[in-house]
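Participant: Contents of query_36.cif (mmCIF, C-alpha atoms and all ligand atoms):
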data_protein
loop_
_atom_site.label_atom_id
_atom_site.label_comp_id
_atom_site.auth_asym_id
_atom_site.auth_seq_id
_atom_site.Cartn_x
_atom_site.Cartn_y
_atom_site.Cartn_z
CA MET K 1 91.56 81.27 75.98
CA SER K 2 92.58 84.73 77.22
CA ARG K 3 95.38 86.52 75.43
CA GLY K 4 98.05 85.15 77.73
CA ALA K 5 100.56 87.97 78.20
CA ILE K 6 101.39 87.84 81.89
CA ALA K 7 104.12 89.10 84.21
CA VAL K 8 104.59 86.52 86.95
CA LEU K 9 106.19 88.21 89.96
CA SER K 10 107.95 86.22 92.64
CA SER K 11 107.57 87.49 96.22
CA GLU K 12 110.06 84.85 97.27
CA ASN K 13 112.72 86.10 94.84
CA LEU K 14 112.15 89.72 95.85
CA LEU K 15 112.82 88.91 99.51
CA HIS K 16 115.67 86.59 98.56
CA ASN K 17 117.34 89.47 96.64
CA LEU K 18 116.93 91.73 99.65
CA VAL K 19 118.74 89.14 101.79
CA GLN K 20 121.60 89.06 99.23
CA ILE K 21 121.82 92.86 99.37
CA LYS K 22 121.96 92.79 103.17
CA LEU K 23 124.75 90.21 102.99
CA ALA K 24 126.72 92.44 100.60
CA ALA K 25 126.17 95.54 102.74
CA PRO K 26 125.94 94.30 106.31
CA SER K 27 124.53 96.73 108.87
CA LYS K 28 123.76 99.42 106.28
CA SER K 29 120.36 101.09 106.23
CA ILE K 30 118.36 100.54 103.06
CA ILE K 31 116.28 102.87 100.92
CA ALA K 32 114.57 100.38 98.59
CA MET K 33 113.99 102.15 95.27
CA VAL K 34 110.42 101.56 94.15
CA LYS K 35 110.06 104.59 91.89
CA ALA K 36 108.74 104.22 88.33
CA ASN K 37 106.11 101.71 89.42
CA ALA K 38 108.80 99.68 91.21
CA TYR K 39 110.74 99.35 87.98
CA GLY K 40 107.58 98.10 86.29
CA HIS K 41 106.73 95.50 88.94
CA GLY K 42 103.86 97.44 90.52
CA ILE K 43 104.67 100.09 93.13
CA ARG K 44 101.99 99.17 95.71
CA SER K 45 102.39 95.42 95.55
CA THR K 46 106.19 95.63 95.62
CA ALA K 47 106.36 98.21 98.41
CA THR K 48 103.91 96.34 100.65
CA ARG K 49 106.11 93.26 100.33
CA LEU K 50 109.24 95.25 101.25
CA ASP K 51 107.63 97.48 103.90
CA LYS K 52 108.66 95.64 107.06
CA HIS K 53 112.06 94.57 105.72
CA VAL K 54 113.70 97.88 104.76
CA ASP K 55 114.38 101.20 106.47
CA SER K 56 112.65 103.31 103.84
CA LEU K 57 111.38 103.34 100.27
CA GLY K 58 112.54 105.61 97.47
CA VAL K 59 110.14 107.27 95.02
CA ALA K 60 110.36 110.06 92.45
CA SER K 61 107.31 112.12 93.38
CA ILE K 62 104.70 112.99 96.00
CA GLU K 63 102.14 111.13 93.84
CA GLU K 64 104.12 107.90 94.08
CA GLY K 65 104.56 108.44 97.82
CA MET K 66 100.84 109.09 98.38
CA ALA K 67 99.93 105.96 96.40
CA LEU K 68 102.02 103.99 98.89
CA ARG K 69 100.47 105.65 101.93
CA LYS K 70 96.99 104.89 100.54
CA ALA K 71 98.08 101.27 100.15
CA GLY K 72 98.97 101.21 103.86
CA VAL K 73 102.76 101.36 103.52
CA LYS K 74 104.23 102.51 106.85
CA SER K 75 107.96 102.95 106.14
CA PRO K 76 109.44 106.41 105.70
CA ILE K 77 109.43 107.38 102.03
CA VAL K 78 112.31 109.27 100.44
CA LEU K 79 111.40 111.74 97.68
CA ALA K 80 114.51 111.19 95.58
CA GLU K 81 113.95 114.31 93.47
CA GLY K 82 112.61 116.31 96.39
CA ILE K 83 109.63 118.56 96.06
CA PHE K 84 108.46 120.19 92.84
CA GLU K 85 106.19 122.86 94.42
CA PRO K 86 106.33 124.70 97.79
CA ASP K 87 102.97 123.19 98.85
CA GLU K 88 104.53 119.74 98.79
CA LEU K 89 106.57 120.57 101.93
CA LEU K 90 103.43 120.34 104.06
CA ILE K 91 102.33 117.08 102.42
CA ALA K 92 105.82 115.68 102.95
CA ALA K 93 105.92 116.62 106.65
CA CYS K 94 102.47 115.15 107.31
CA ASN K 95 103.23 111.85 105.56
CA ASN K 96 106.73 111.08 106.80
CA PHE K 97 108.24 111.74 103.39
CA HIS K 98 111.96 112.50 103.58
CA VAL K 99 112.88 115.33 101.25
CA VAL K 100 115.98 115.56 99.09
CA PHE K 101 117.04 119.19 98.57
CA HIS K 102 119.08 119.56 95.41
CA ASP K 103 118.47 123.13 94.22
CA SER K 104 118.42 126.66 95.62
CA THR K 105 114.80 127.11 94.44
CA GLN K 106 113.73 124.43 96.90
CA LEU K 107 115.71 126.10 99.69
CA ALA K 108 114.00 129.41 98.95
CA TRP K 109 110.64 127.71 99.62
CA LEU K 110 111.76 127.14 103.23
CA LYS K 111 111.71 130.87 104.01
CA GLY K 112 108.76 131.82 106.21
CA LEU K 113 107.69 128.19 106.30
CA SER K 114 105.57 126.80 109.11
CA LEU K 115 105.02 123.06 109.43
CA PRO K 116 103.09 120.96 111.99
CA LEU K 117 105.88 118.34 112.09
CA PRO K 118 109.63 118.43 111.51
CA LEU K 119 110.90 117.37 108.10
CA VAL K 120 113.65 114.80 107.58
CA SER K 121 115.94 116.05 104.85
CA TRP K 122 118.85 115.08 102.61
CA LEU K 123 121.17 117.51 100.93
CA LYS K 124 122.11 116.28 97.49
CA VAL K 125 125.49 117.18 96.11
CA ASP K 126 126.53 116.84 92.48
CA SER K 127 129.86 115.07 92.85
CA GLY K 128 130.22 114.60 89.08
CA LEU K 129 127.09 113.05 87.56
CA GLY K 130 126.02 116.43 86.22
CA ARG K 131 122.38 115.91 87.02
CA LEU K 132 120.78 116.97 90.32
CA GLY K 133 122.58 118.41 93.32
CA PHE K 134 124.41 121.42 94.69
CA SER K 135 127.89 121.98 93.36
CA LEU K 136 130.61 121.32 95.90
CA CYS K 137 131.22 125.03 96.51
CA ASP K 138 127.52 125.64 97.24
CA VAL K 139 127.27 122.93 99.91
CA PRO K 140 128.14 125.21 102.90
CA TYR K 141 125.40 127.71 102.01
CA ALA K 142 122.84 124.95 101.32
CA LEU K 143 123.68 123.20 104.58
CA SER K 144 123.46 126.37 106.67
CA THR K 145 120.10 127.24 105.06
CA LEU K 146 118.76 123.82 106.04
CA LYS K 147 120.26 124.05 109.54
CA GLU K 148 118.72 127.46 110.15
CA CYS K 149 115.22 126.29 109.23
CA PRO K 150 113.41 125.39 112.50
CA TYR K 151 111.25 122.81 110.73
CA ILE K 152 114.13 120.79 109.35
CA LYS K 153 115.03 117.88 111.61
CA GLN K 154 118.72 117.59 112.52
CA PRO K 155 121.06 116.07 111.52
CA ILE K 156 120.71 116.45 107.76
CA GLY K 157 121.69 113.63 105.38
CA LEU K 158 124.30 113.90 102.65
CA MET K 159 123.50 112.24 99.32
CA SER K 160 125.12 111.89 95.92
CA HIS K 161 124.98 109.53 92.95
CA LEU K 162 127.73 107.98 90.82
CA SER K 163 127.70 108.33 87.06
CA VAL K 164 129.58 105.20 85.97
CA ALA K 165 129.43 102.87 88.95
CA ASP K 166 128.84 99.96 86.54
CA ASP K 167 132.29 100.54 85.04
CA GLU K 168 134.71 99.99 87.90
CA LYS K 169 137.75 101.26 85.99
CA HIS K 170 136.24 104.57 84.85
CA LEU K 171 138.25 107.51 86.18
CA LEU K 172 135.19 109.55 87.12
CA ASN K 173 134.41 107.07 89.90
CA GLN K 174 137.56 108.02 91.82
CA ILE K 175 136.86 111.74 91.32
CA GLN K 176 133.29 111.37 92.61
CA LEU K 177 134.23 109.07 95.48
CA SER K 178 136.97 111.40 96.64
CA ALA K 179 134.74 114.52 96.40
CA PHE K 180 131.98 112.78 98.35
CA ASN K 181 134.39 111.42 100.91
CA GLN K 182 135.82 114.85 101.63
CA LEU K 183 132.37 116.12 102.52
CA ALA K 184 131.43 112.93 104.34
CA ASN K 185 134.43 113.15 106.68
CA ASN K 186 133.03 116.21 108.41
CA TRP K 187 129.34 115.41 108.11
CA ASP K 188 127.35 114.62 111.23
CA GLY K 189 124.25 113.19 109.51
CA PRO K 190 123.73 109.97 107.53
CA LYS K 191 125.55 109.61 104.21
CA SER K 192 124.27 107.86 101.10
CA LEU K 193 126.03 107.31 97.78
CA ALA K 194 125.46 103.73 96.65
CA ASN K 195 123.01 102.53 94.02
CA SER K 196 123.01 98.86 93.00
CA ALA K 197 126.26 98.86 91.04
CA THR K 198 128.14 100.86 93.69
CA ILE K 199 127.21 98.36 96.41
CA PHE K 200 129.33 95.75 94.63
CA THR K 201 131.94 97.73 92.69
CA PHE K 202 132.88 100.13 95.49
CA PRO K 203 131.94 98.60 98.86
CA HIS K 204 133.72 101.50 100.61
CA GLY K 205 131.12 103.76 98.93
CA GLN K 206 128.27 102.11 100.84
CA TYR K 207 128.54 104.64 103.71
CA ASP K 208 125.51 104.54 106.06
CA VAL K 209 122.53 104.18 103.72
CA ILE K 210 122.41 102.25 100.44
CA ARG K 211 119.82 102.80 97.68
CA PRO K 212 119.39 99.60 95.68
CA GLY K 213 116.93 99.46 92.81
CA LEU K 214 117.83 97.00 90.08
CA LEU K 215 119.37 94.46 92.49
CA LEU K 216 116.04 94.10 94.28
CA TYR K 217 114.41 93.05 91.06
CA GLY K 218 117.05 90.39 90.45
CA VAL K 219 118.97 91.94 87.58
CA SER K 220 122.71 92.51 87.33
CA PRO K 221 123.64 96.21 87.43
CA ILE K 222 127.03 95.52 85.87
CA LYS K 223 127.63 94.82 82.18
CA GLY K 224 129.12 91.40 81.49
CA LYS K 225 127.94 90.01 84.84
CA LYS K 226 124.88 87.88 85.45
CA ALA K 227 122.41 88.32 88.27
CA SER K 228 123.38 84.86 89.51
CA ASP K 229 126.98 86.14 89.97
CA PHE K 230 125.52 88.22 92.82
CA GLY K 231 123.23 85.45 94.08
CA LEU K 232 120.15 87.23 92.68
CA LYS K 233 116.99 85.73 91.19
CA PRO K 234 114.66 87.48 88.72
CA VAL K 235 111.46 88.80 90.28
CA MET K 236 109.60 89.25 86.98
CA THR K 237 109.05 86.49 84.45
CA LEU K 238 107.30 87.88 81.39
CA GLN K 239 105.49 85.19 79.49
CA THR K 240 102.79 84.58 76.95
CA ARG K 241 101.44 81.82 74.72
CA LEU K 242 101.66 80.55 71.19
CA ILE K 243 98.50 81.56 69.34
CA SER K 244 99.45 80.13 65.96
CA VAL K 245 101.88 77.51 64.66
CA ARG K 246 102.29 77.16 60.90
CA ARG K 247 104.67 75.58 58.46
CA ARG K 248 106.19 78.29 56.26
CA GLU K 249 107.81 77.27 53.00
CA THR K 250 111.30 78.24 51.84
CA GLY K 251 111.28 81.87 50.69
CA SER K 252 108.24 82.91 52.81
CA PHE K 253 108.43 86.37 54.37
CA ILE K 254 107.55 86.86 58.04
CA GLY K 255 106.11 90.05 59.53
CA TYR K 256 105.96 93.76 58.69
CA GLY K 257 108.53 95.08 56.28
CA ALA K 258 109.29 91.55 55.01
CA THR K 259 112.58 91.75 56.89
CA TYR K 260 112.81 87.97 57.42
CA LYS K 261 112.75 85.32 54.69
CA CYS K 262 112.66 81.62 55.58
CA ALA K 263 115.85 79.99 54.30
CA GLU K 264 114.12 76.61 54.46
CA SER K 265 110.71 75.18 55.27
CA THR K 266 110.24 76.10 58.97
CA ASN K 267 107.62 75.96 61.71
CA ILE K 268 106.88 79.56 62.68
CA GLY K 269 105.01 80.36 65.88
CA ILE K 270 103.13 83.57 66.61
CA ILE K 271 103.09 84.73 70.23
CA ALA K 272 100.59 87.06 71.87
CA ILE K 273 102.86 89.89 72.96
CA GLY K 274 104.23 92.94 71.19
CA TYR K 275 105.47 96.45 71.66
CA GLY K 276 101.99 97.47 72.87
CA ASP K 277 102.75 95.30 75.90
CA GLY K 278 106.26 96.67 76.34
CA TYR K 279 108.01 93.92 74.39
CA LEU K 280 110.07 96.50 72.57
CA ARG K 281 110.35 96.62 68.79
CA SER K 282 113.99 97.64 69.25
CA LEU K 283 114.95 94.28 70.78
CA PRO K 284 117.84 92.79 68.82
CA ALA K 285 117.36 90.35 65.91
CA ASN K 286 117.34 86.73 67.08
CA THR K 287 116.25 87.68 70.60
CA PRO K 288 115.94 84.40 72.54
CA VAL K 289 112.67 83.08 73.99
CA LEU K 290 111.84 79.85 75.82
CA VAL K 291 109.11 77.67 74.31
CA ASN K 292 108.14 74.85 76.66
CA GLY K 293 111.49 75.56 78.36
CA LYS K 294 113.45 75.18 75.08
CA ARG K 295 115.43 78.05 73.59
CA CYS K 296 114.11 79.45 70.32
CA HIS K 297 114.45 82.94 68.83
CA LEU K 298 112.46 85.79 67.31
CA VAL K 299 112.24 86.26 63.57
CA GLY K 300 111.10 89.39 61.74
CA ARG K 301 109.78 92.56 63.34
CA ILE K 302 107.89 92.70 66.61
CA SER K 303 104.44 94.16 65.96
CA MET K 304 102.04 95.86 68.38
CA ASP K 305 100.38 92.72 69.75
CA MET K 306 102.39 89.86 68.32
CA ALA K 307 105.82 88.56 67.46
CA ALA K 308 107.03 85.58 65.41
CA ILE K 309 109.43 82.87 66.49
CA ASP K 310 111.35 80.15 64.71
CA LEU K 311 110.19 76.86 66.21
CA SER K 312 112.76 74.61 64.54
CA GLN K 313 114.30 73.83 67.98
CA CYS K 314 110.92 72.93 69.39
CA GLY K 315 109.30 70.47 66.98
CA ASP K 316 106.35 69.53 69.20
CA ALA K 317 105.26 73.10 70.04
CA LYS K 318 101.54 73.75 69.63
CA VAL K 319 98.99 76.52 70.08
CA GLY K 320 98.53 77.37 73.76
CA ASP K 321 102.06 76.40 74.81
CA PRO K 322 103.81 78.84 77.21
CA VAL K 323 106.57 81.12 75.98
CA VAL K 324 108.93 82.96 78.34
CA LEU K 325 110.25 86.30 77.10
CA TRP K 326 112.50 87.01 80.09
CA GLY K 327 112.87 86.01 83.73
CA GLU K 328 113.20 82.47 85.16
CA GLY K 329 115.44 80.49 82.80
CA LEU K 330 116.09 83.47 80.54
CA PRO K 331 117.82 86.39 82.30
CA ILE K 332 116.83 89.78 80.90
CA GLU K 333 120.54 90.63 80.62
CA GLU K 334 120.87 88.02 77.83
CA LEU K 335 118.28 89.78 75.68
CA ILE K 336 120.10 93.08 75.66
CA GLU K 337 123.72 91.93 75.37
CA GLY K 338 125.47 94.06 72.78
CA SER K 339 122.38 96.25 72.25
CA PRO K 340 121.82 99.84 73.40
CA LEU K 341 118.82 98.71 75.47
CA ILE K 342 119.06 98.56 79.25
CA ALA K 343 117.17 96.27 81.62
CA TYR K 344 115.64 99.31 83.38
CA GLU K 345 113.97 100.29 80.10
CA LEU K 346 112.50 96.85 79.46
CA LEU K 347 111.22 96.39 83.01
CA THR K 348 109.68 99.85 83.40
CA GLY K 349 108.17 99.56 79.94
CA VAL K 350 105.85 96.62 80.66
CA GLN K 351 102.36 97.95 80.00
CA SER K 352 99.28 97.69 82.19
CA ARG K 353 97.41 95.50 79.69
CA VAL K 354 99.78 92.70 80.67
CA ASN K 355 98.30 90.77 83.60
CA PHE K 356 100.41 91.00 86.74
CA HIS K 357 100.37 88.06 89.10
CA TRP K 358 102.38 87.76 92.33
CA THR K 359 103.33 84.34 93.61
CA MET K 360 103.01 83.83 97.37
CA ALA K 361 106.09 84.29 99.57
C1 LIG X 401 119.07 108.82 93.24
C2 LIG X 401 118.98 107.37 92.89
N1 LIG X 401 119.38 106.47 93.81
C3 LIG X 401 119.31 105.15 93.57
C4 LIG X 401 118.83 104.67 92.37
C5 LIG X 401 118.77 103.18 92.15
O1 LIG X 401 119.60 102.82 91.07
P1 LIG X 401 119.81 101.30 90.71
O2 LIG X 401 118.54 100.79 90.17
O3 LIG X 401 120.88 101.32 89.67
O4 LIG X 401 120.20 100.62 91.97
C6 LIG X 401 118.42 105.56 91.39
C7 LIG X 401 117.92 105.07 90.11
O5 LIG X 401 117.75 105.67 89.11
C8 LIG X 401 118.50 106.96 91.65
O6 LIG X 401 118.12 107.86 90.76
#
Kindly return the structure encoded in the file as structure tokens.
Ligand SMILES: Cc1ncc(COP(=O)(O)O)c(C=O)c1O
Facilitator:
Amino acid sequence: MSRGAIAVLSSENLLHNLVQIKLAAPSKSIIAMVKANAYGHGIRSTATRLDKHVDSLGVASIEEGMALRKAGVKSPIVLAEGIFEPDELLIAACNNFHVVFHDSTQLAWLKGLSLPLPLVSWLKVDSGLGRLGFSLCDVPYALSTLKECPYIKQPIGLMSHLSVADDEKHLLNQIQLSAFNQLANNWDGPKSLANSATIFTFPHGQYDVIRPGLLLYGVSPIKGKKASDFGLKPVMTLQTRLISVRRRETGSFIGYGATYKCAESTNIGIIAIGYGDGYLRSLPANTPVLVNGKRCHLVGRISMDMAAIDLSQCGDAKVGDPVVLWGEGLPIEELIEGSPLIAYELLTGVQSRVNFHWTMA
């Protein structure tokens, strides 16, 4: 019996989620965000499945973009953080990578530049997130620098990112939306503001091009809402197996640190997955799992390769039985309710020693 930790990935659910996004943002162009190994789902396998169905793909670096080109991905690829070195401009132009310019250092690299092909570009403005982007007052200079460069294709895109799109009532949203809108009104190129949460919380912020990430993977981007509220289905189901089932007597301690003591005689199962697989030690106490489809919960600390579960709700469980950690039947959002963890962190944290297996579309 192999160890059993496996991430089952549903092609069908990935494409289903894309349809739901298109329904929520009809006629908008889509940059499908596949950075960070497609949120832990596998950048090549995810991107090849999305390739013919989206307008472009979003990555964080040239390396991620090149991995997609080597895998045969044809769509334009947006470098969401732009280029990190001047030499990357040539690589970008030759590989149909669209470059986000967010800093004057990058603009300086355009001086004296010669490229064999024109470069599609986005100008990123910091409308209030306080991360990347030109400040509002620097936009005219940044735009004219891009316009004057003969190798930059016209028109240039305008991009920004909301800080608290998942909290509809937060005041900063209105400040950012209004700042972006002022620029957008006189902008002749494509405009892009919306990540997953924005698509639903502020439909008027969808502009021309949306940039969904989390929605694609079937997870709710908004606290207190479930993926099913948006018609989404989880792409990843993380599962493993029971490798031990033992009766533990009243007063027995379970796991490192002896943090859990059995209040009564209980069947305790050990599952083959731990923080070395990305099943984080910081998951809350009593985190739910599904054993043979029945809800049970964790007890004690998660260790590197294993975790313990209370099997009192699943009397007939035996070694070898499947255990779902999140995904189909157990939305990842439920695991992190009330905890500081975010779904992005869990998904991107799944380690390569877990077997990845895509179901057919
Ligand atoms: C610039 C940018 N656009 C879009 C996204 C996608 O965000 P989400 O997964 O919340 O849709 C991200 C994610 O970090 C991002 O950095």
Participant: Name the residues in contact with K:Glu249 at a cut-off of 12 Å, using all atoms listed in the file, excluding same-chain residues fewer than 2 positions from it; report them as a PyMOL selection string.
Facilitator: chain K and resi 246-247+251-254+261-268
Participant: Write as a PyMOL selection string the residues around ligand LIG 401 (chain X), taking 7 Å as the cut-off and counting only C-alpha atoms and all ligand atoms.
Facilitator: chain K and resi 33+80+161+195-197+211-215+221
Participant: Pick the closest to K:Ser228 from K:Pro331, K:Gly269, K:Pro322, K:Pro155: which is it, counting all atoms listed in the file?
Facilitator: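 Ranked by minimum distance to K:Ser228, first place goes to K:Pro331.
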Participant: Neighbourhood query: residues within 9 Å of (114.7, 128.2, 110.6), file coordinates, counting all atoms listed in the file; return as a ChimeraX atom specification.
Facilitator: /K:110-113,145-152
Participant: Between K:Val319, K:Gly82, K:Leu346, K:Tyr260, which residue has the minimum interatomic distance to K:Leu298, considering all atoms listed in the file?
Facilitator: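 Comparing K:Val319, K:Gly82, K:Leu346, K:Tyr260 against K:Leu298, the winner is K:Tyr260.
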Participant: So, counting only C-alpha atoms, which residue among K:Lys191, K:Tyr141, K:Lys28, K:Pro284 is closest to K:Leu341?
Facilitator: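 Using only C-alpha atoms, K:Leu341 sits closest to K:Pro284.
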Participant: For a quick check of your reading of the model, name the residues lying within 12 Å of the coordinate (98.0, 98.1, 81.6), counting all atoms listed in the file, and write them as a list in words.
Facilitator: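 Every polymer residue passing the test: Ala5, Ile6, Ala7, Asn37, Gly40, His41, Gly42, Gly276, Asp277, Gly278, Thr348, Gly349, Val350, Gln351, Ser352, Arg353, Val354, Asn355 and Phe356 of chain K.
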Participant: Considering only C-alpha atoms, can you say which of K:Ile156, K:Val324, K:Met360, K:Leu311 comes closest to K:Gly293?
Facilitator: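 Looking at the shortest contact to K:Gly293, the residue is K:Val324.
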Participant: Could I get the residues of stretch 177-223 of chain K with an atom no further than 12 Å from an atom of stretch 125-131 of chain K, each paired with its nearest atom pair and that distance in Å to one decimal, using only C-alpha atoms, sorted by chain and residue number, as a Markdown table?
Facilitator:
| residue | atom | partner | partner_atom | distance |
| --- | --- | --- | --- | --- |
| K:Leu177 | CA | K:Ser127 | CA | 7.9 |
| K:Ser178 | CA | K:Ser127 | CA | 8.9 |
| K:Ala179 | CA | K:Ser127 | CA | 6.1 |
| K:Phe180 | CA | K:Ser127 | CA | 6.3 |
| K:Asn181 | CA | K:Ser127 | CA | 9.9 |
| K:Gln182 | CA | K:Ser127 | CA | 10.6 |
| K:Leu183 | CA | K:Val125 | CA | 9.5 |
| K:Ala184 | CA | K:Val125 | CA | 11.0 |
| K:Lys191 | CA | K:Val125 | CA | 11.1 |
| K:Ser192 | CA | K:Val125 | CA | 10.6 |
| K:Leu193 | CA | K:Ser127 | CA | 10.0 |
Participant: Give me, please, the distance in Å between atom CA of K:Leu242 and atom CA of K:Val219, quoted to one decimal.
Facilitator: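 Distance reported for this atom pair: 26.4 Å.
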Participant: From the list K:Asn286, K:Ser160, K:Gln176, K:Thr46, which residue is nearest K:Gly300 when using all atoms listed in the file?
Facilitator: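 The shortest atom-to-atom distance to K:Gly300 comes from K:Asn286.
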Participant: I want to know what sits within 12 Å of K:Lys52, based on all atoms listed in the file, with residues of the same chain fewer than 3 positions away left out; could you give that as number ranges by chain?
Facilitator: K: 15, 18, 30, 32, 46-49, 55-57, 72-76
Participant: For atom CA of K:Asn13 and atom CA of K:Ala343, determine how far apart the two atoms are, in Å to one decimal place.
Facilitator: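 About the pair atom CA of K:Asn13 and atom CA of K:Ala343: they are 17.3 Å apart.
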